[in-house]
$ cat my_file.txt   # compact mmCIF, C-alpha atoms
# COMPACT_ATOMS: atom_id res chain seq x y z
CA MET A 1 -16.82 -0.08 17.99
CA SER A 2 -14.32 -0.98 15.30
CA SER A 3 -10.72 -0.13 16.15
CA PHE A 4 -8.37 1.67 13.76
CA ARG A 5 -4.63 1.25 14.12
CA ILE A 6 -1.72 2.22 11.90
CA ASN A 7 0.55 -0.75 11.28
CA THR A 8 3.63 0.87 9.72
CA ASP A 9 3.01 4.21 7.99
CA ARG A 10 1.29 2.77 5.00
CA LEU A 11 -0.95 0.06 6.32
CA LEU A 12 -4.18 0.45 8.24
CA GLU A 13 -5.34 -2.30 10.56
CA VAL A 14 -9.04 -2.37 11.48
CA GLY A 15 -10.38 -4.73 14.14
CA LEU A 16 -14.03 -5.69 13.74
CA GLN A 17 -16.35 -7.53 16.12
CA ASN A 18 -19.33 -8.31 13.96
CA GLU A 19 -19.20 -4.71 12.75
CA LYS A 20 -19.02 -2.74 9.55
CA VAL A 21 -16.38 -0.50 8.05
CA MET A 22 -16.49 1.43 4.78
CA ALA A 23 -13.42 1.67 2.55
CA ILE A 24 -12.44 2.64 -0.96
CA ALA A 25 -13.22 -0.32 -3.22
CA GLY A 26 -10.19 -2.52 -3.80
CA ALA A 27 -8.15 -1.18 -0.84
CA MET A 28 -8.11 -4.45 1.12
CA VAL A 29 -4.70 -6.16 1.11
CA ALA A 30 -5.23 -8.91 3.67
CA TYR A 31 -7.51 -10.11 6.45
CA THR A 32 -7.91 -12.75 9.13
CA GLY A 33 -11.19 -14.06 10.49
CA THR A 34 -14.47 -14.03 8.61
CA MET A 35 -15.06 -11.06 6.36
CA LYS A 36 -17.47 -10.20 3.62
CA PHE A 37 -16.82 -7.50 1.03
CA GLU A 38 -19.65 -5.87 -0.81
CA LYS A 39 -19.87 -2.89 -3.05
CA SER A 40 -21.81 -0.23 -1.27
CA LEU A 41 -24.24 0.96 -3.87
CA LEU A 42 -25.43 4.09 -2.16
CA GLY A 43 -22.49 4.60 0.20
CA GLY A 44 -24.86 4.82 3.15
CA GLU A 45 -26.16 8.14 1.92
CA GLY A 46 -29.45 6.95 0.58
CA PHE A 47 -30.68 7.33 -2.95
CA PHE A 48 -30.61 11.10 -2.94
CA GLY A 49 -27.08 11.21 -1.51
CA ALA A 50 -25.78 8.84 -4.16
CA LEU A 51 -27.43 10.86 -6.89
CA LYS A 52 -25.87 14.03 -5.54
CA ARG A 53 -22.43 12.44 -5.63
CA LYS A 54 -22.93 11.46 -9.20
CA VAL A 55 -23.86 14.99 -10.29
CA THR A 56 -21.25 16.77 -8.21
CA ASN A 57 -18.38 14.57 -9.29
CA GLU A 58 -17.32 13.93 -5.68
CA GLY A 59 -17.83 10.32 -6.60
CA MET A 60 -16.15 7.59 -4.66
CA SER A 61 -16.38 3.90 -5.12
CA LEU A 62 -16.95 2.40 -1.70
CA MET A 63 -17.13 -1.10 -0.39
CA GLN A 64 -18.57 -2.28 2.87
CA THR A 65 -16.63 -4.82 4.93
CA THR A 66 -18.61 -6.81 7.48
CA GLY A 67 -17.40 -9.48 9.86
CA THR A 68 -15.23 -10.40 12.81
CA GLY A 69 -11.45 -10.31 12.69
CA THR A 70 -8.74 -7.98 11.45
CA VAL A 71 -8.70 -6.39 8.02
CA TYR A 72 -5.75 -4.54 6.47
CA PHE A 73 -6.17 -1.66 4.03
CA ALA A 74 -3.56 0.15 1.93
CA HIS A 75 -3.58 2.27 -1.18
CA ASN A 76 -0.68 2.76 -3.59
CA ALA A 77 1.87 2.83 -0.77
CA ALA A 78 0.52 6.22 0.33
CA GLU A 79 0.93 7.30 3.96
CA ILE A 80 -2.11 6.78 6.15
CA ALA A 81 -3.32 8.77 9.16
CA VAL A 82 -6.27 8.15 11.44
CA ILE A 83 -8.38 11.15 12.48
CA PRO A 84 -10.82 10.60 15.36
CA ILE A 85 -14.07 12.51 15.06
CA ASN A 86 -16.07 13.37 18.17
CA ASN A 87 -19.36 14.94 17.24
CA GLU A 88 -17.64 17.11 14.68
CA LYS A 89 -17.77 17.61 10.99
CA LEU A 90 -14.73 16.94 8.84
CA PHE A 91 -14.42 18.37 5.34
CA ILE A 92 -12.24 16.26 3.09
CA GLU A 93 -11.49 15.65 -0.56
CA SER A 94 -12.99 12.32 -1.56
CA SER A 95 -9.70 11.36 -3.21
CA SER A 96 -7.97 11.44 0.20
CA LEU A 97 -10.44 9.16 1.93
CA LEU A 98 -9.36 5.56 2.63
CA ALA A 99 -11.75 4.13 5.22
CA TYR A 100 -14.21 5.18 7.92
CA ASP A 101 -16.46 3.72 10.60
CA ALA A 102 -19.79 2.74 9.18
CA GLY A 103 -21.36 4.75 12.00
CA LEU A 104 -20.18 8.03 10.50
CA LYS A 105 -22.42 9.97 8.17
CA THR A 106 -21.04 11.22 4.89
CA ASN A 107 -22.43 13.81 2.55
CA THR A 108 -21.39 16.25 -0.14
CA ALA A 109 -21.13 19.97 0.43
CA PHE A 110 -20.58 22.98 -1.77
CA ALA A 111 -16.98 24.05 -1.29
CA GLY A 112 -17.29 27.45 -2.83
CA LEU A 113 -15.58 28.84 -5.84
CA ARG A 114 -12.15 27.75 -4.70
CA GLY A 115 -12.66 24.35 -6.21
CA ALA A 116 -12.88 25.72 -9.71
CA THR A 117 -9.37 27.14 -9.68
CA SER A 118 -7.67 24.45 -7.64
CA GLY A 119 -8.98 21.73 -9.88
CA GLN A 120 -10.55 19.87 -6.99
CA GLY A 121 -14.11 20.43 -8.01
CA LEU A 122 -16.76 22.67 -6.57
CA PHE A 123 -17.85 20.13 -4.03
CA THR A 124 -16.21 18.39 -1.14
CA THR A 125 -17.09 15.44 1.10
CA THR A 126 -18.23 15.90 4.69
CA VAL A 127 -18.00 13.27 7.39
CA GLU A 128 -19.79 13.71 10.71
CA GLY A 129 -20.64 11.81 13.87
CA ASN A 130 -18.53 9.77 16.24
CA GLY A 131 -15.80 7.45 15.03
CA ASN A 132 -12.55 7.12 13.14
CA ILE A 133 -11.64 8.07 9.64
CA ALA A 134 -8.45 7.05 7.82
CA VAL A 135 -7.06 9.42 5.22
CA ILE A 136 -4.27 8.92 2.71
CA SER A 137 -1.66 11.51 1.87
CA ARG A 138 1.53 11.77 -0.13
CA GLY A 139 4.06 12.06 2.67
CA ASN A 140 3.03 12.28 6.32
CA LEU A 141 -0.15 14.15 7.11
CA ILE A 142 0.49 17.50 8.79
CA THR A 143 -1.99 19.02 11.22
CA LEU A 144 -2.03 22.82 11.56
CA GLU A 145 -4.03 24.70 14.17
CA VAL A 146 -6.13 27.70 13.25
CA SER A 147 -7.19 30.21 15.89
CA PRO A 148 -9.08 33.51 15.54
CA SER A 149 -5.88 35.49 16.07
CA ASN A 150 -3.90 33.31 13.72
CA PRO A 151 -5.43 32.63 10.32
CA LEU A 152 -3.73 30.03 8.14
CA PHE A 153 -2.87 30.13 4.46
CA VAL A 154 -2.57 26.88 2.54
CA ASP A 155 -1.54 25.97 -0.98
CA PRO A 156 -4.63 24.39 -2.63
CA ASP A 157 -2.49 21.63 -4.09
CA ALA A 158 -1.35 20.48 -0.66
CA PHE A 159 -4.75 20.83 1.03
CA ILE A 160 -6.43 17.65 2.29
CA GLY A 161 -9.20 18.64 4.69
CA TYR A 162 -10.22 20.53 7.81
CA LYS A 163 -12.45 20.26 10.84
CA GLY A 164 -13.84 22.69 13.37
CA ASN A 165 -15.52 26.03 13.10
CA ILE A 166 -13.62 27.40 10.16
CA ALA A 167 -14.43 29.72 7.30
CA GLN A 168 -12.39 29.49 4.15
CA GLU A 169 -11.78 32.00 1.46
CA PHE A 170 -9.66 32.28 -1.57
CA VAL A 171 -6.89 34.86 -1.68
CA PHE A 172 -4.84 35.98 -4.63
CA ASP A 173 -1.33 37.28 -4.53
CA VAL A 174 -1.06 38.84 -7.90
CA ASN A 175 1.31 41.68 -8.70
CA TRP A 176 2.91 43.13 -11.79
CA ARG A 177 5.40 40.24 -11.96
CA THR A 178 2.60 37.72 -12.25
CA MET A 179 1.22 39.73 -15.12
CA VAL A 180 4.47 39.67 -17.04
CA GLY A 181 4.70 35.93 -16.61
CA GLN A 182 7.15 35.88 -13.69
CA ALA A 183 4.87 34.13 -11.21
CA SER A 184 6.34 32.82 -7.96
CA GLY A 185 4.30 29.67 -8.33
CA GLU A 186 2.20 30.67 -5.34
CA SER A 187 -0.33 33.04 -6.85
CA TYR A 188 -3.35 31.92 -4.88
CA GLN A 189 -3.97 30.31 -1.51
CA PHE A 190 -6.76 29.20 0.76
CA LYS A 191 -7.18 31.35 3.83
CA PHE A 192 -8.68 29.64 6.87
CA THR A 193 -10.05 31.71 9.74
CA GLY A 194 -11.79 30.63 12.95
CA GLN A 195 -11.05 27.81 15.37
CA GLY A 196 -10.06 24.34 14.27
CA VAL A 197 -7.44 22.29 12.46
CA VAL A 198 -6.41 22.04 8.82
CA TYR A 199 -4.76 18.95 7.32
CA ILE A 200 -2.17 19.23 4.58
CA GLN A 201 0.34 16.93 2.88
CA PRO A 202 4.00 17.71 2.11
CA ALA A 203 3.44 17.21 -1.60
CA GLU A 204 1.60 19.21 -4.21
CA ARG A 205 -0.80 17.58 -6.61
CA MET B 1 29.25 -15.62 5.45
CA PRO B 2 27.90 -12.39 3.92
CA SER B 3 26.11 -10.16 6.40
CA TYR B 4 23.13 -7.95 5.55
CA SER B 5 22.33 -4.72 7.30
CA GLN B 6 19.68 -2.15 6.64
CA ILE B 7 21.06 1.38 6.04
CA ASN B 8 17.62 2.91 5.71
CA GLU B 9 14.29 1.58 4.53
CA LYS B 10 15.36 1.68 0.88
CA LEU B 11 19.01 0.67 1.03
CA ILE B 12 20.94 -2.34 2.32
CA GLU B 13 24.61 -2.99 2.90
CA VAL B 14 26.10 -6.43 2.30
CA THR B 15 29.51 -7.13 3.82
CA LEU B 16 31.64 -9.65 1.97
CA ASN B 17 34.75 -11.38 3.20
CA ASN B 18 36.13 -13.05 0.12
CA GLU B 19 32.59 -14.27 -0.57
CA GLU B 20 29.91 -13.77 -3.15
CA VAL B 21 26.36 -12.48 -3.17
CA PHE B 22 23.73 -12.68 -5.88
CA ALA B 23 21.60 -9.62 -6.60
CA LYS B 24 19.12 -8.25 -9.09
CA ARG B 25 20.99 -6.88 -12.07
CA GLY B 26 21.48 -3.11 -11.90
CA ALA B 27 20.70 -2.89 -8.19
CA MET B 28 24.23 -2.07 -7.03
CA ILE B 29 24.45 1.54 -5.93
CA SER B 30 27.98 1.75 -4.59
CA TYR B 31 30.68 -0.36 -3.04
CA GLN B 32 33.87 -0.17 -1.01
CA GLY B 33 36.78 -2.57 -1.13
CA THR B 34 37.72 -4.97 -3.88
CA VAL B 35 34.57 -6.31 -5.39
CA SER B 36 34.05 -7.53 -8.93
CA PHE B 37 30.70 -7.86 -10.64
CA ALA B 38 29.75 -10.36 -13.27
CA ARG B 39 26.58 -11.51 -14.86
CA SER B 40 25.47 -14.75 -13.30
CA PHE B 41 24.08 -17.27 -15.70
CA LEU B 42 23.27 -20.02 -13.33
CA GLY B 43 22.43 -18.00 -10.24
CA GLY B 44 24.09 -20.52 -8.00
CA SER B 45 21.97 -23.38 -9.21
CA GLY B 46 22.58 -25.94 -11.90
CA ILE B 47 21.94 -26.15 -15.61
CA GLN B 48 18.65 -27.88 -15.12
CA ASP B 49 17.33 -25.13 -12.95
CA LEU B 50 18.44 -22.55 -15.48
CA ALA B 51 16.63 -24.40 -18.23
CA MET B 52 13.53 -24.48 -16.10
CA ARG B 53 13.77 -20.77 -15.49
CA THR B 54 14.02 -20.03 -19.15
CA VAL B 55 11.00 -22.09 -20.02
CA THR B 56 8.87 -20.95 -17.15
CA ASN B 57 9.46 -17.24 -17.46
CA GLU B 58 10.49 -17.02 -13.82
CA GLY B 59 13.84 -15.95 -15.18
CA TYR B 60 15.56 -13.31 -13.19
CA ALA B 61 18.49 -11.30 -14.35
CA LEU B 62 21.11 -11.81 -11.69
CA MET B 63 24.58 -10.52 -11.15
CA VAL B 64 27.13 -11.89 -8.77
CA ALA B 65 29.37 -9.67 -6.66
CA LYS B 66 32.57 -11.31 -5.49
CA GLY B 67 35.32 -10.02 -3.26
CA THR B 68 36.01 -8.34 0.05
CA GLY B 69 34.26 -5.14 1.07
CA LYS B 70 30.82 -3.59 1.34
CA VAL B 71 28.22 -3.45 -1.41
CA TYR B 72 25.13 -1.23 -1.28
CA TYR B 73 21.95 -2.27 -2.99
CA GLY B 74 18.72 -0.42 -3.71
CA TYR B 75 16.25 -0.53 -6.55
CA ASP B 76 13.91 2.03 -8.05
CA GLY B 77 13.21 3.72 -4.72
CA LEU B 78 11.40 0.61 -3.52
CA PHE B 79 11.47 -0.52 0.10
CA VAL B 80 13.96 -3.24 0.97
CA ASN B 81 13.18 -5.90 3.56
CA VAL B 82 15.65 -8.44 4.89
CA ILE B 83 13.94 -11.70 5.75
CA GLN B 84 15.54 -14.40 7.83
CA VAL B 85 14.93 -18.03 6.94
CA ASN B 86 15.88 -20.85 9.28
CA ASN B 87 15.92 -24.14 7.53
CA GLU B 88 12.73 -23.23 5.70
CA THR B 89 11.59 -22.52 2.19
CA MET B 90 10.72 -19.00 1.14
CA TYR B 91 8.44 -18.54 -1.87
CA VAL B 92 8.82 -15.24 -3.65
CA GLU B 93 8.06 -13.70 -7.03
CA SER B 94 11.37 -13.45 -8.90
CA GLU B 95 10.87 -9.77 -9.74
CA THR B 96 10.79 -8.83 -6.05
CA LEU B 97 14.02 -10.64 -5.23
CA LEU B 98 16.85 -8.18 -4.52
CA ALA B 99 19.74 -10.16 -2.99
CA PHE B 100 20.66 -13.52 -1.49
CA ASP B 101 23.74 -15.68 -1.24
CA SER B 102 24.86 -19.22 -1.88
CA ARG B 103 23.79 -20.46 1.53
CA LEU B 104 20.34 -20.69 0.01
CA ARG B 105 19.35 -23.09 -2.71
CA THR B 106 17.13 -21.63 -5.41
CA GLY B 107 14.53 -23.42 -7.38
CA THR B 108 11.44 -22.83 -9.46
CA MET B 109 8.15 -24.18 -8.37
CA PHE B 110 5.08 -24.88 -10.36
CA LEU B 111 2.16 -23.43 -8.45
CA GLY B 112 0.10 -26.40 -9.52
CA ASN B 113 2.31 -28.61 -7.37
CA GLN B 114 1.15 -26.79 -4.37
CA GLY B 115 -2.54 -26.68 -4.73
CA GLY B 116 -3.55 -28.65 -7.78
CA VAL B 117 -5.99 -26.89 -10.04
CA GLN B 118 -6.45 -24.17 -7.44
CA GLY B 119 -2.77 -23.35 -7.68
CA ILE B 120 -2.90 -22.99 -11.43
CA LEU B 121 -5.95 -20.82 -11.17
CA ARG B 122 -4.18 -18.67 -8.61
CA GLY B 123 -1.29 -17.92 -10.93
CA ALA B 124 -3.60 -17.21 -13.79
CA VAL B 125 -5.98 -14.81 -12.07
CA SER B 126 -3.40 -12.87 -10.16
CA GLY B 127 -1.35 -12.32 -13.27
CA GLN B 128 1.82 -13.40 -11.56
CA GLY B 129 2.55 -16.40 -13.68
CA LEU B 130 2.17 -20.03 -12.88
CA PHE B 131 5.64 -20.43 -11.45
CA THR B 132 7.29 -18.96 -8.43
CA THR B 133 10.86 -18.88 -7.12
CA THR B 134 11.84 -20.84 -4.04
CA LEU B 135 14.83 -20.28 -1.76
CA GLN B 136 15.67 -22.99 0.68
CA GLY B 137 18.04 -23.19 3.63
CA THR B 138 19.23 -20.90 6.40
CA GLY B 139 20.24 -17.31 5.73
CA GLU B 140 18.93 -13.91 4.70
CA ILE B 141 16.99 -12.78 1.67
CA ALA B 142 16.49 -9.16 0.66
CA ILE B 143 13.20 -8.53 -1.10
CA LEU B 144 11.64 -5.41 -2.63
CA SER B 145 8.23 -3.99 -1.90
CA ASP B 146 6.21 -0.92 -2.84
CA GLY B 147 5.62 0.64 0.57
CA ASN B 148 6.70 -1.22 3.69
CA ALA B 149 6.27 -4.97 3.62
CA ILE B 150 4.72 -6.61 6.62
CA GLY B 151 4.73 -10.23 7.61
CA LEU B 152 1.44 -11.70 8.85
CA LYS B 153 1.69 -14.81 11.00
CA VAL B 154 -0.36 -17.78 9.96
CA THR B 155 -1.25 -20.43 12.52
CA PRO B 156 -3.43 -23.52 12.15
CA GLU B 157 -6.18 -21.75 14.13
CA GLN B 158 -5.91 -18.54 12.19
CA PRO B 159 -5.71 -18.64 8.40
CA VAL B 160 -4.79 -15.39 6.62
CA PHE B 161 -6.48 -14.10 3.47
CA VAL B 162 -4.53 -11.82 1.17
CA ASP B 163 -5.24 -9.82 -1.95
CA PRO B 164 -3.18 -11.46 -4.75
CA ASP B 165 -2.12 -8.01 -5.95
CA ALA B 166 -0.51 -7.16 -2.60
CA TYR B 167 1.11 -10.57 -2.04
CA ILE B 168 4.92 -10.69 -2.26
CA GLY B 169 5.90 -14.02 -0.76
CA HIS B 170 5.55 -16.49 2.06
CA LYS B 171 7.62 -18.90 4.11
CA GLY B 172 6.99 -21.89 6.29
CA ASN B 173 4.72 -24.82 5.95
CA LEU B 174 1.72 -23.28 4.24
CA THR B 175 -0.88 -24.41 1.81
CA SER B 176 -2.93 -21.98 -0.17
CA ASN B 177 -6.07 -21.90 -2.18
CA ILE B 178 -8.17 -19.31 -3.84
CA VAL B 179 -11.42 -18.18 -2.31
CA THR B 180 -14.03 -16.20 -4.13
CA ASP B 181 -16.51 -13.81 -2.69
CA LEU B 182 -19.13 -13.44 -5.34
CA ASN B 183 -22.65 -12.23 -4.87
CA TRP B 184 -25.38 -10.84 -7.07
CA LYS B 185 -23.75 -7.41 -7.09
CA THR B 186 -20.65 -8.84 -8.77
CA PHE B 187 -22.78 -10.03 -11.64
CA VAL B 188 -24.46 -6.73 -12.25
CA GLY B 189 -21.05 -5.11 -12.55
CA GLN B 190 -20.99 -3.69 -9.02
CA THR B 191 -17.97 -5.52 -7.65
CA SER B 192 -16.33 -4.51 -4.41
CA GLY B 193 -12.94 -4.93 -6.06
CA GLU B 194 -12.24 -7.85 -3.70
CA SER B 195 -13.84 -10.75 -5.48
CA TYR B 196 -11.10 -13.26 -4.89
CA GLN B 197 -8.40 -13.74 -2.30
CA VAL B 198 -5.69 -16.27 -1.56
CA LYS B 199 -6.20 -18.15 1.68
CA PHE B 200 -3.07 -19.37 3.49
CA MET B 201 -3.34 -22.19 6.02
CA GLY B 202 -0.78 -23.93 8.18
CA GLN B 203 2.18 -22.51 10.07
CA GLY B 204 4.32 -19.71 8.66
CA THR B 205 4.40 -16.09 7.55
CA VAL B 206 2.85 -14.31 4.58
CA TYR B 207 4.40 -11.06 3.33
CA ILE B 208 2.31 -8.32 1.81
CA GLN B 209 3.06 -4.82 0.57
CA ALA B 210 1.06 -1.65 1.12
CA SER B 211 0.12 -1.30 -2.50
CA GLU B 212 -1.69 -3.24 -5.16
CA ARG B 213 -0.08 -4.00 -8.51
$ encode --input "my_file.txt" --output "structure tokens"
Amino acid sequence: MSSFRINTDRLLEVGLQNEKVMAIAGAMVAYTGTMKFEKSLLGGEGFFGALKRKVTNEGMSLMQTTGTGTVYFAHNAAEIAVIPINNEKLFIESSSLLAYDAGLKTNTAFAGLRGATSGQGLFTTTVEGNGNIAVISRGNLITLEVSPSNPLFVDPDAFIGYKGNIAQEFVFDVNWRTMVGQASGESYQFKFTGQGVVYIQPAER
Amino acid sequence: MPSYSQINEKLIEVTLNNEEVFAKRGAMISYQGTVSFARSFLGGSGIQDLAMRTVTNEGYALMVAKGTGKVYYGYDGLFVNVIQVNNETMYVESETLLAFDSRLRTGTMFLGNQGGVQGILRGAVSGQGLFTTTLQGTGEIAILSDGNAIGLKVTPEQPVFVDPDAYIGHKGNLTSNIVTDLNWKTFVGQTSGESYQVKFMGQGTVYIQASER
């Protein structure tokens, strides 16, 4: 299986042995060995999956890298983190995705009404299977645990993704001050309940 | 001999002992001691080199700091990397050059000299001009990068391919040429965004940054 390694905070190193890795088009900065880069027309999701991405605006332009050697990916000097997935499902914004094992299955899912207010769209990307996924964040990625006794509230602008058995809802914190224009700047949040982890970045979009 | 030390990833300190150091104009952040700053017209090299710089657009605006004390340099929140050269030639884009001193000889090199037509093509497609700056000798060079810079070793058995937009410089005995990766998808407008790369062969190090211009 392809190996993912972080070489400095902002550079991802992927080792391939006649294998495939998917990455955001244009993210390659260097490689050694023999590599081939091809635009992935359907992103491994089949015709229907690609069509769904188009309509839902969770579009991402992917390329497929095939070969043997080491390939380096980076994007706009953003910090990179590798999240291993073991028979789980990760929900992530397509704009935070950098690269993933070609063995993982991606799809689009309805994210609920929260997307409309947070400006991140009504749909989100799901990744499932066994393998590694590399995500980009502004500042180092922060992992927060959620347990049934301890729900977590997150600012939608800092939210990146989550995995596990988690339900999300939208909560408002509106009082008379908000109404008279004296908002605290934190008028709505995501509330995550259940068991799993939530990923956030220390910057707000 | 001026000494360079890294304060943090975005700031360096240069210690001078009645010596001088050349740096990108406007990059001085603070200093201690008796140091005077002046615009450097010749950048430590002769008239001919200056003329070449003017014509080739590899002109860099340099200032010279002279005196005894410590000078701190940083630029635009970019990462600073101090690279050691030992009797070698470092090739770098002039805009990424932050500081160096007179132990190194500067020059301007026509990319075509290095790889014939391929070299010219390389400068033209990557949008980095047809000329590059060379620094030769033994000493330290401080260069800027967007995100950390990393050096990839090149050996005769293992060539390294880099995206021209992430390339910042190289040192050692390397030759380069451009390789294209075109297929039918490129022609129907579905490019992978990686249609051409620069291939480095020989013995040396190639420096890349974690971002594409």
$ interface_residues --input "my_file.txt" --of "chain A" --to "chain B" --cutoff "12 Å" --atoms "all atoms listed in the file" --output "PDB file with C-alpha atoms, in the frame of the given file"
ATOM      1  CA  ILE A   6      -1.720   2.220  11.900  1.00  0.00           C
ATOM      2  CA  ASN A   7       0.550  -0.750  11.280  1.00  0.00           C
ATOM      3  CA  THR A   8       3.630   0.870   9.720  1.00  0.00           C
ATOM      4  CA  ASP A   9       3.010   4.210   7.990  1.00  0.00           C
ATOM      5  CA  ARG A  10       1.290   2.770   5.000  1.00  0.00           C
ATOM      6  CA  LEU A  11      -0.950   0.060   6.320  1.00  0.00           C
ATOM      7  CA  LEU A  12      -4.180   0.450   8.240  1.00  0.00           C
ATOM      8  CA  GLU A  13      -5.340  -2.300  10.560  1.00  0.00           C
ATOM      9  CA  MET A  22     -16.490   1.430   4.780  1.00  0.00           C
ATOM     10  CA  ALA A  23     -13.420   1.670   2.550  1.00  0.00           C
ATOM     11  CA  ILE A  24     -12.440   2.640  -0.960  1.00  0.00           C
ATOM     12  CA  ALA A  25     -13.220  -0.320  -3.220  1.00  0.00           C
ATOM     13  CA  GLY A  26     -10.190  -2.520  -3.800  1.00  0.00           C
ATOM     14  CA  ALA A  27      -8.150  -1.180  -0.840  1.00  0.00           C
ATOM     15  CA  MET A  28      -8.110  -4.450   1.120  1.00  0.00           C
ATOM     16  CA  VAL A  29      -4.700  -6.160   1.110  1.00  0.00           C
ATOM     17  CA  ALA A  30      -5.230  -8.910   3.670  1.00  0.00           C
ATOM     18  CA  TYR A  31      -7.510 -10.110   6.450  1.00  0.00           C
ATOM     19  CA  THR A  32      -7.910 -12.750   9.130  1.00  0.00           C
ATOM     20  CA  GLY A  33     -11.190 -14.060  10.490  1.00  0.00           C
ATOM     21  CA  THR A  34     -14.470 -14.030   8.610  1.00  0.00           C
ATOM     22  CA  MET A  35     -15.060 -11.060   6.360  1.00  0.00           C
ATOM     23  CA  LYS A  36     -17.470 -10.200   3.620  1.00  0.00           C
ATOM     24  CA  PHE A  37     -16.820  -7.500   1.030  1.00  0.00           C
ATOM     25  CA  GLU A  38     -19.650  -5.870  -0.810  1.00  0.00           C
ATOM     26  CA  LYS A  39     -19.870  -2.890  -3.050  1.00  0.00           C
ATOM     27  CA  SER A  40     -21.810  -0.230  -1.270  1.00  0.00           C
ATOM     28  CA  LEU A  41     -24.240   0.960  -3.870  1.00  0.00           C
ATOM     29  CA  LEU A  42     -25.430   4.090  -2.160  1.00  0.00           C
ATOM     30  CA  GLY A  43     -22.490   4.600   0.200  1.00  0.00           C
ATOM     31  CA  SER A  61     -16.380   3.900  -5.120  1.00  0.00           C
ATOM     32  CA  LEU A  62     -16.950   2.400  -1.700  1.00  0.00           C
ATOM     33  CA  MET A  63     -17.130  -1.100  -0.390  1.00  0.00           C
ATOM     34  CA  GLN A  64     -18.570  -2.280   2.870  1.00  0.00           C
ATOM     35  CA  THR A  65     -16.630  -4.820   4.930  1.00  0.00           C
ATOM     36  CA  GLY A  69     -11.450 -10.310  12.690  1.00  0.00           C
ATOM     37  CA  THR A  70      -8.740  -7.980  11.450  1.00  0.00           C
ATOM     38  CA  VAL A  71      -8.700  -6.390   8.020  1.00  0.00           C
ATOM     39  CA  TYR A  72      -5.750  -4.540   6.470  1.00  0.00           C
ATOM     40  CA  PHE A  73      -6.170  -1.660   4.030  1.00  0.00           C
ATOM     41  CA  ALA A  74      -3.560   0.150   1.930  1.00  0.00           C
ATOM     42  CA  HIS A  75      -3.580   2.270  -1.180  1.00  0.00           C
ATOM     43  CA  ASN A  76      -0.680   2.760  -3.590  1.00  0.00           C
ATOM     44  CA  ALA A  77       1.870   2.830  -0.770  1.00  0.00           C
ATOM     45  CA  ALA A  78       0.520   6.220   0.330  1.00  0.00           C
ATOM     46  CA  GLU A  79       0.930   7.300   3.960  1.00  0.00           C
ATOM     47  CA  ILE A  80      -2.110   6.780   6.150  1.00  0.00           C
ATOM     48  CA  ILE A 136      -4.270   8.920   2.710  1.00  0.00           C
ATOM     49  CA  ARG A 138       1.530  11.770  -0.130  1.00  0.00           C
ATOM     50  CA  GLY A 139       4.060  12.060   2.670  1.00  0.00           C
TER      51      GLY A 139
END
$ atom_distance --input "my_file.txt" --atom1 "atom CA of A:Thr106" --atom2 "atom CA of A:Glu19"
17.9 Å
$ residues_around --input "my_file.txt" --residues "B:Gly33" --least-positions-apart "2" --cutoff "12 Å" --atoms "all atoms listed in the file" --output "list in words"
Val14, Thr15, Leu16, Asn17, Asn18, Ser30, Tyr31, Val35, Ser36, Ala65, Lys66, Gly67, Thr68, Gly69, Lys70, Val71 and Tyr72 of chain B
$ residues_around --input "my_file.txt" --residues "A:Pro202" --least-positions-apart "2" --cutoff "8 Å" --atoms "all atoms listed in the file" --output "PDB file with C-alpha atoms, keeping the file's coordinate frame"
ATOM      1  CA  ARG A 138       1.530  11.770  -0.130  1.00  0.00           C
ATOM      2  CA  GLY A 139       4.060  12.060   2.670  1.00  0.00           C
ATOM      3  CA  ASN A 140       3.030  12.280   6.320  1.00  0.00           C
ATOM      4  CA  LEU A 141      -0.150  14.150   7.110  1.00  0.00           C
ATOM      5  CA  ILE A 142       0.490  17.500   8.790  1.00  0.00           C
ATOM      6  CA  ALA A 158      -1.350  20.480  -0.660  1.00  0.00           C
ATOM      7  CA  ILE A 200      -2.170  19.230   4.580  1.00  0.00           C
ATOM      8  CA  GLU A 204       1.600  19.210  -4.210  1.00  0.00           C
TER       9      GLU A 204
END
$ residues_around --input "my_file.txt" --residues "B:Thr138" --least-positions-apart "4" --cutoff "8 Å" --atoms "all atoms listed in the file" --output "list in words"
Gln84, Val85, Asn86, Asn87, Glu88, Arg103 and Leu104 of chain B
$ residues_around --input "my_file.txt" --residues "A:Ile85" --least-positions-apart "6" --cutoff "9 Å" --atoms "only C-alpha atoms" --output "CSV table (one decimal) with C-alpha atoms, in the frame of the given file"
chain,number,residue,atom,x,y,z
A,104,LEU,CA,-20.2,8.0,10.5
A,127,VAL,CA,-18.0,13.3,7.4
A,128,GLU,CA,-19.8,13.7,10.7
A,129,GLY,CA,-20.6,11.8,13.9
A,130,ASN,CA,-18.5,9.8,16.2
A,131,GLY,CA,-15.8,7.4,15.0
A,132,ASN,CA,-12.6,7.1,13.1
A,133,ILE,CA,-11.6,8.1,9.6
A,163,LYS,CA,-12.4,20.3,10.8
$ residues_around --input "my_file.txt" --residues "B:Thr132" --least-positions-apart "6" --cutoff "6 Å" --atoms "all atoms listed in the file" --output "PyMOL selection string"
chain B and resi 93+108-109
$ atom_distance --input "my_file.txt" --atom1 "atom CA of A:Phe4" --atom2 "atom CA of A:Val135"
11.6 Å
$ atom_distance --input "my_file.txt" --atom1 "atom CA of A:Phe192" --atom2 "atom CA of A:Leu152"
5.1 Å
